[in-house]
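What follows is input_21.csv (CSV, C-alpha atoms and all ligand atoms).
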```
chain,number,residue,atom,x,y,z
A,1,MET,CA,0.0,0.0,0.0
A,2,TRP,CA,1.2,3.6,-0.7
A,3,THR,CA,2.2,5.9,2.2
A,4,LEU,CA,1.7,9.6,2.2
A,5,ILE,CA,4.0,11.6,4.5
A,6,SER,CA,1.9,14.5,5.7
A,7,ALA,CA,1.7,17.1,8.4
A,8,SER,CA,-1.5,18.0,10.4
A,9,PRO,CA,-1.6,21.7,9.2
A,10,SER,CA,-0.2,21.1,5.7
A,11,PRO,CA,-2.3,22.7,3.0
A,12,TYR,CA,-0.1,21.2,0.3
A,13,ALA,CA,-0.6,17.7,1.7
A,14,ARG,CA,-4.3,18.3,2.1
A,15,LYS,CA,-4.7,18.6,-1.6
A,16,VAL,CA,-3.1,15.2,-2.1
A,17,ARG,CA,-5.1,13.6,0.7
A,18,ILE,CA,-8.3,14.7,-0.9
A,19,ALA,CA,-7.2,13.7,-4.4
A,20,LEU,CA,-6.3,10.2,-3.2
A,21,ALA,CA,-9.7,9.9,-1.4
A,22,GLU,CA,-11.6,11.2,-4.4
A,23,LYS,CA,-9.9,8.5,-6.6
A,24,SER,CA,-10.5,5.8,-3.9
A,25,ILE,CA,-6.8,5.0,-3.6
A,26,PRO,CA,-6.1,3.4,-0.2
A,27,PHE,CA,-3.0,4.8,1.5
A,28,THR,CA,-1.3,4.9,4.9
A,29,LEU,CA,-1.1,8.4,6.3
A,30,GLN,CA,2.2,9.1,8.0
A,31,THR,CA,1.9,12.4,9.9
A,32,GLU,CA,5.2,14.2,10.7
A,33,VAL,CA,6.6,17.5,11.8
A,34,PRO,CA,8.9,18.2,8.9
A,35,TRP,CA,10.6,21.0,10.9
A,36,ASP,CA,11.8,18.5,13.6
A,37,HIS,CA,15.1,16.5,13.2
A,38,THR,CA,13.0,13.4,13.6
A,39,THR,CA,11.3,13.8,10.2
A,40,VAL,CA,12.0,11.1,7.5
A,41,THR,CA,11.3,13.6,4.6
A,42,PRO,CA,15.1,13.9,3.7
A,43,GLN,CA,15.2,10.2,3.1
A,44,TYR,CA,12.7,10.5,0.3
A,45,ASN,CA,12.9,14.2,-0.9
A,46,PRO,CA,16.2,16.1,-1.4
A,47,LEU,CA,14.2,19.2,-0.8
A,48,GLU,CA,13.2,17.8,2.7
A,49,LYS,CA,9.6,18.8,2.2
A,50,LEU,CA,6.3,17.0,2.6
A,51,PRO,CA,3.9,15.8,1.1
A,52,VAL,CA,5.8,12.8,-0.2
A,53,LEU,CA,3.9,9.9,-1.8
A,54,ILE,CA,5.8,6.6,-1.3
A,55,LEU,CA,4.8,3.8,-3.6
A,56,ASP,CA,4.4,0.1,-2.8
A,57,ASP,CA,8.1,-0.7,-3.0
A,58,GLY,CA,8.6,1.6,0.0
A,59,LYS,CA,11.3,3.5,-1.9
A,60,THR,CA,9.9,5.3,-5.0
A,61,ALA,CA,9.0,8.8,-3.8
A,62,ILE,CA,6.8,11.3,-5.6
A,63,TYR,CA,7.1,14.8,-4.1
A,64,GLU,CA,6.0,18.4,-4.6
A,65,SER,CA,2.2,18.6,-4.2
A,66,TYR,CA,1.4,20.0,-7.7
A,67,TYR,CA,3.6,17.3,-9.2
A,68,ILE,CA,2.0,14.6,-7.1
A,69,LEU,CA,-1.4,15.7,-8.4
A,70,GLU,CA,-0.2,15.8,-12.0
A,71,TRP,CA,1.3,12.3,-11.4
A,72,LEU,CA,-2.0,11.0,-10.0
A,73,GLU,CA,-4.0,12.4,-12.9
A,74,ALA,CA,-1.7,10.6,-15.3
A,75,LYS,CA,-1.6,7.3,-13.4
A,76,HIS,CA,-5.1,7.2,-12.0
A,77,PRO,CA,-7.2,9.4,-14.4
A,78,GLU,CA,-10.6,8.4,-13.0
A,79,PRO,CA,-12.4,10.3,-11.6
A,80,ALA,CA,-10.7,13.2,-13.3
A,81,LEU,CA,-9.7,16.1,-11.1
A,82,LEU,CA,-8.9,18.2,-14.1
A,83,PRO,CA,-11.4,19.5,-16.7
A,84,SER,CA,-11.3,17.9,-20.2
A,85,ASP,CA,-11.3,21.3,-21.9
A,86,ILE,CA,-7.7,22.4,-22.3
A,87,ASP,CA,-8.3,26.1,-21.3
A,88,ASP,CA,-10.3,25.0,-18.2
A,89,ARG,CA,-7.5,22.6,-17.4
A,90,LEU,CA,-4.9,25.3,-17.7
A,91,PHE,CA,-7.0,27.6,-15.6
A,92,ALA,CA,-7.3,25.0,-12.9
A,93,LYS,CA,-3.5,24.8,-12.7
A,94,LYS,CA,-3.3,28.6,-12.6
A,95,VAL,CA,-5.6,28.7,-9.6
A,96,GLU,CA,-3.3,26.1,-8.0
A,97,VAL,CA,-0.3,28.4,-8.7
A,98,VAL,CA,-1.9,31.3,-6.9
A,99,CYS,CA,-3.0,29.2,-3.9
A,100,ASP,CA,0.3,27.4,-3.5
A,101,GLY,CA,2.0,30.8,-3.8
A,102,MET,CA,-0.1,32.2,-1.1
A,103,CYS,CA,0.8,29.2,1.1
A,104,ASP,CA,4.5,29.8,0.4
A,105,ALA,CA,4.1,33.5,1.3
A,106,MET,CA,2.4,32.6,4.6
A,107,VAL,CA,5.1,30.0,5.5
A,108,ILE,CA,7.8,32.7,4.9
A,109,ALA,CA,5.8,35.2,7.0
A,110,PHE,CA,5.1,32.7,9.7
A,111,PHE,CA,8.8,31.9,10.2
A,112,GLU,CA,9.8,35.6,9.9
A,113,ARG,CA,7.5,36.3,12.9
A,114,MET,CA,9.3,33.5,14.8
A,115,ARG,CA,12.6,35.5,14.9
A,116,GLU,CA,13.4,37.8,17.7
A,117,PRO,CA,11.5,41.1,17.1
A,118,GLU,CA,14.6,43.1,16.4
A,119,LYS,CA,15.7,40.5,13.7
A,120,GLN,CA,12.3,40.6,11.9
A,121,SER,CA,12.2,42.5,8.6
A,122,GLU,CA,9.0,44.6,8.4
A,123,PRO,CA,9.4,45.2,4.6
A,124,TRP,CA,9.9,41.5,4.0
A,125,LYS,CA,6.8,40.6,6.1
A,126,ALA,CA,4.8,43.3,4.3
A,127,ARG,CA,5.8,41.9,0.9
A,128,GLN,CA,4.6,38.4,1.9
A,129,MET,CA,1.3,39.7,3.2
A,130,ARG,CA,0.8,41.7,0.0
A,131,LYS,CA,0.9,38.4,-1.9
A,132,VAL,CA,-1.7,37.0,0.4
A,133,GLU,CA,-4.0,40.0,0.1
A,134,GLY,CA,-3.6,40.1,-3.7
A,135,GLY,CA,-4.2,36.4,-3.9
A,136,LEU,CA,-7.4,36.7,-1.9
A,137,ARG,CA,-8.6,39.4,-4.2
A,138,GLN,CA,-7.9,37.2,-7.2
A,139,LEU,CA,-9.7,34.2,-5.7
A,140,ALA,CA,-12.7,36.3,-4.8
A,141,THR,CA,-12.9,37.6,-8.4
A,142,TRP,CA,-12.7,34.0,-9.8
A,143,VAL,CA,-15.2,32.7,-7.3
A,144,ASP,CA,-17.7,35.5,-8.1
A,145,GLU,CA,-17.5,34.4,-11.8
A,146,ARG,CA,-18.3,30.7,-11.1
A,147,GLN,CA,-21.6,29.1,-12.0
A,148,GLY,CA,-22.2,26.6,-9.2
A,149,GLN,CA,-20.7,24.8,-6.2
A,150,TYR,CA,-17.4,24.3,-7.9
A,151,LEU,CA,-15.0,26.8,-9.4
A,152,ILE,CA,-14.9,25.3,-12.9
A,153,GLY,CA,-17.8,23.6,-14.6
A,154,ASP,CA,-20.0,21.3,-12.6
A,155,ARG,CA,-17.4,19.0,-10.9
A,156,LEU,CA,-14.6,19.1,-8.4
A,157,THR,CA,-11.2,20.0,-9.7
A,158,ILE,CA,-7.7,20.6,-8.3
A,159,ALA,CA,-8.7,24.3,-8.3
A,160,ASP,CA,-11.3,23.6,-5.6
A,161,LEU,CA,-8.7,21.5,-3.7
A,162,ALA,CA,-6.1,24.2,-3.8
A,163,ILE,CA,-8.4,27.0,-2.7
A,164,ALA,CA,-10.0,25.1,0.2
A,165,ALA,CA,-6.5,23.9,1.3
A,166,PHE,CA,-5.2,27.5,1.4
A,167,LEU,CA,-8.3,29.0,3.0
A,168,GLY,CA,-8.7,26.1,5.6
A,169,TRP,CA,-5.1,26.6,6.7
A,170,PHE,CA,-5.3,30.4,6.6
A,171,ALA,CA,-8.4,30.3,8.8
A,172,ILE,CA,-6.4,28.5,11.5
A,173,ARG,CA,-3.0,30.1,10.9
A,174,TRP,CA,-4.2,33.6,10.8
A,175,SER,CA,-7.6,33.4,12.4
A,176,GLU,CA,-7.8,37.2,13.1
A,177,HIS,CA,-7.8,38.0,9.3
A,178,GLN,CA,-11.2,39.4,8.2
A,179,TRP,CA,-11.2,37.7,4.7
A,180,GLN,CA,-14.6,36.0,5.5
A,181,THR,CA,-16.2,39.4,6.1
A,182,GLN,CA,-14.3,41.1,3.2
A,183,TYR,CA,-15.3,38.4,0.7
A,184,PRO,CA,-18.6,36.8,1.7
A,185,ALA,CA,-19.0,34.9,-1.6
A,186,LEU,CA,-15.6,33.4,-1.2
A,187,LYS,CA,-16.5,32.3,2.4
A,188,GLN,CA,-19.8,30.7,1.1
A,189,TYR,CA,-18.0,28.8,-1.7
A,190,TRP,CA,-15.3,27.6,0.8
A,191,GLU,CA,-17.9,26.4,3.3
A,192,GLY,CA,-19.7,24.5,0.5
A,193,LEU,CA,-16.4,22.6,-0.2
A,194,GLU,CA,-15.6,22.1,3.5
A,195,ALA,CA,-19.0,20.3,3.9
A,196,LEU,CA,-18.0,17.6,1.4
A,197,HIS,CA,-16.9,14.3,3.0
A,198,ASN,CA,-13.3,14.2,1.9
A,199,PHE,CA,-12.8,17.8,2.9
A,200,LYS,CA,-14.4,17.1,6.4
A,201,GLU,CA,-12.0,14.1,6.8
A,202,THR,CA,-8.9,16.2,6.1
A,203,ARG,CA,-9.4,19.3,8.1
A,204,PRO,CA,-6.1,20.9,9.1
A,205,SER,CA,-5.0,21.2,12.7
A,206,PRO,CA,-2.0,22.9,14.3
A,207,GLN,CA,1.2,21.0,15.1
A,208,THR,CA,3.9,21.4,17.8
A,209,MET,CA,7.4,22.0,16.6
A,210,LYS,CA,10.2,20.9,18.9
A,211,ASP,CA,13.3,22.1,17.1
A,212,GLN,CA,14.3,25.7,16.5
A,213,VAL,CA,13.8,26.5,12.8
A,214,VAL,CA,15.0,30.1,12.4
B,1,LIG,N1,5.9,23.5,-2.9
B,1,LIG,C1,5.8,22.4,-1.9
B,1,LIG,C2,5.7,23.0,-0.5
B,1,LIG,C3,5.7,22.0,0.6
B,1,LIG,C4,6.1,22.5,1.9
B,1,LIG,O1,6.5,23.7,2.1
B,1,LIG,N2,5.9,21.7,3.0
B,1,LIG,C5,6.3,22.0,4.3
B,1,LIG,C6,5.4,21.5,5.4
B,1,LIG,S1,3.8,22.4,5.4
B,1,LIG,O2,4.2,23.8,5.3
B,1,LIG,O3,3.1,21.9,4.2
B,1,LIG,O4,3.2,22.0,6.6
B,1,LIG,C7,7.7,21.4,4.6
B,1,LIG,O5,7.8,20.2,4.4
B,1,LIG,N3,8.6,22.2,5.0
B,1,LIG,C8,9.9,21.7,5.4
B,1,LIG,C9,11.0,22.5,4.8
B,1,LIG,O6,10.7,23.4,4.0
B,1,LIG,O7,12.2,22.2,5.1
B,1,LIG,C10,4.6,21.5,-2.2
B,1,LIG,O8,3.7,22.1,-2.8
B,1,LIG,O9,4.6,20.3,-1.9
```

Let me see whether you can do it: turn the structure in this file into structure tokens.
Ligand SMILES: N[C@@H](CCC(=O)N[C@@H](CS(=O)(=O)O)C(=O)NCC(=O)O)C(=O)O
Amino acid sequence: MWTLISASPSPYARKVRIALAEKSIPFTLQTEVPWDHTTVTPQYNPLEKLPVLILDDGKTAIYESYYILEWLEAKHPEPALLPSDIDDRLFAKKVEVVCDGMCDAMVIAFFERMREPEKQSEPWKARQMRKVEGGLRQLATWVDERQGQYLIGDRLTIADLAIAAFLGWFAIRWSEHQWQTQYPALKQYWEGLEALHNFKETRPSPQTMKDQVV
């Protein structure tokens, strides 16, 4: 059976967990803290990041969430998580680019805030938060243009996985942000996704880091 190395708050890993569940692929969930020296991620991924999908041989590792999803669509195409229309397909990937980029910015800002106050760079933090604010504006615009429950067409795609993964994590990582008031339609769309079974089963939760990271 495959193993997915994941972390309880990881928005990147959540995309893969939902995709595996949607495709009814059984897997063992191995939850780690990738920031602690106890993590096994370096044994499988030279970039030392999770998620990592480890195949039946216990050695072959697929890593980088967008690549894992691409790999899954190629190897296990049904049910498809990408639209058949090429422009919709490319749009779904563009949405994932924005959501993953917002996650990346939040991770950078999160660790910047872990430094002693006098070592924190305000311009650097502001730059990361601008990416999140710009990304939220863009997601809200796209969501306002959708027709139904899903962002693209009438079925779940990786665009929905990526948006819910970012917003679900952002809601716990930065709970005081007022995006749900600022963008009510985005909140309603997100809540509709979070009510789906495989989203309910993969809700993010905080983790405790033991080692100093920065
Ligand atoms: N672009 C990567 C990002 C993955 C990532 O940053 N994972 C974090 C954990 S989490 O932020 O998703 O919880 C990690 O392993 N970080 C360890 C490290 O960067 O050394 C992906 O999409 O898979």

(request) Using only C-alpha atoms and all ligand atoms, determine which residues fall within 6 Å of ligand LIG 1 (chain B), then list them as an NGL selection string. (result) :A and (7 or 9-12 or 34-35 or 48-51 or 64-66)

(request) Would you please work out which residue, of A:Leu82, A:Met209, A:Leu151, A:Ala13, is nearest to A:Ala185 when using all atoms listed in the file? (result) A:Leu151

(message) List as a VMD selection string the protein and nucleic acid residues near A:Glu191, meaning an atom at most 12 Å away when only C-alpha atoms are counted, but skip any in the same chain fewer than 6 places from it.
(response) chain A and resid 149 to 150 160 163 to 165 167 to 168 171 180 184 to 185 199 to 200

(message) When you count all atoms listed in the file, which of these residues is closest to A:Ala140: A:Cys103, A:Ile18, A:Ile5, A:Val95?
(response)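 Under the stated criterion, the closest residue is A:Val95.
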
(message) One number please: atom CA of A:Tyr63 to atom CA of A:Met129, in Å, one decimal.
(response)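 For atom CA of A:Tyr63 relative to atom CA of A:Met129, the distance reads 26.6 Å.
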
(request) Go ahead and compute the interatomic distance for atom CA of A:Lys119 and atom CA of A:Glu133, in Å to one decimal. (result) 23.9 Å

(message) Please compute the atom CA of A:Gly101-atom CA of A:Gly135 distance, one decimal, in Å.
(response) 8.4 Å

(message) Taking all atoms listed in the file into account, name the residue in A:Val132, A:Ile152, A:Ile68, A:Leu53 that is nearest to A:Ala109.
(response) A:Val132

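Of the residues listed (A:Ile86, A:Ile62, A:Cys99, A:Ala80), A:Cys99 shows the shortest atom-to-atom separation from A:Gln138; distances use all atoms listed in the file.
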
(request) List the residues sitting within 9 Å of (-10.1, 8.3, -10.2) in the file's frame, using all atoms listed in the file, as a ChimeraX atom specification. (result) /A:19-25,72-73,76-81

(request) Using all atoms listed in the file, pick whichever of A:Trp2, A:Trp142, A:Phe110, A:Trp169 has the shortest atom-to-atom distance to A:Leu29. (result) A:Trp2
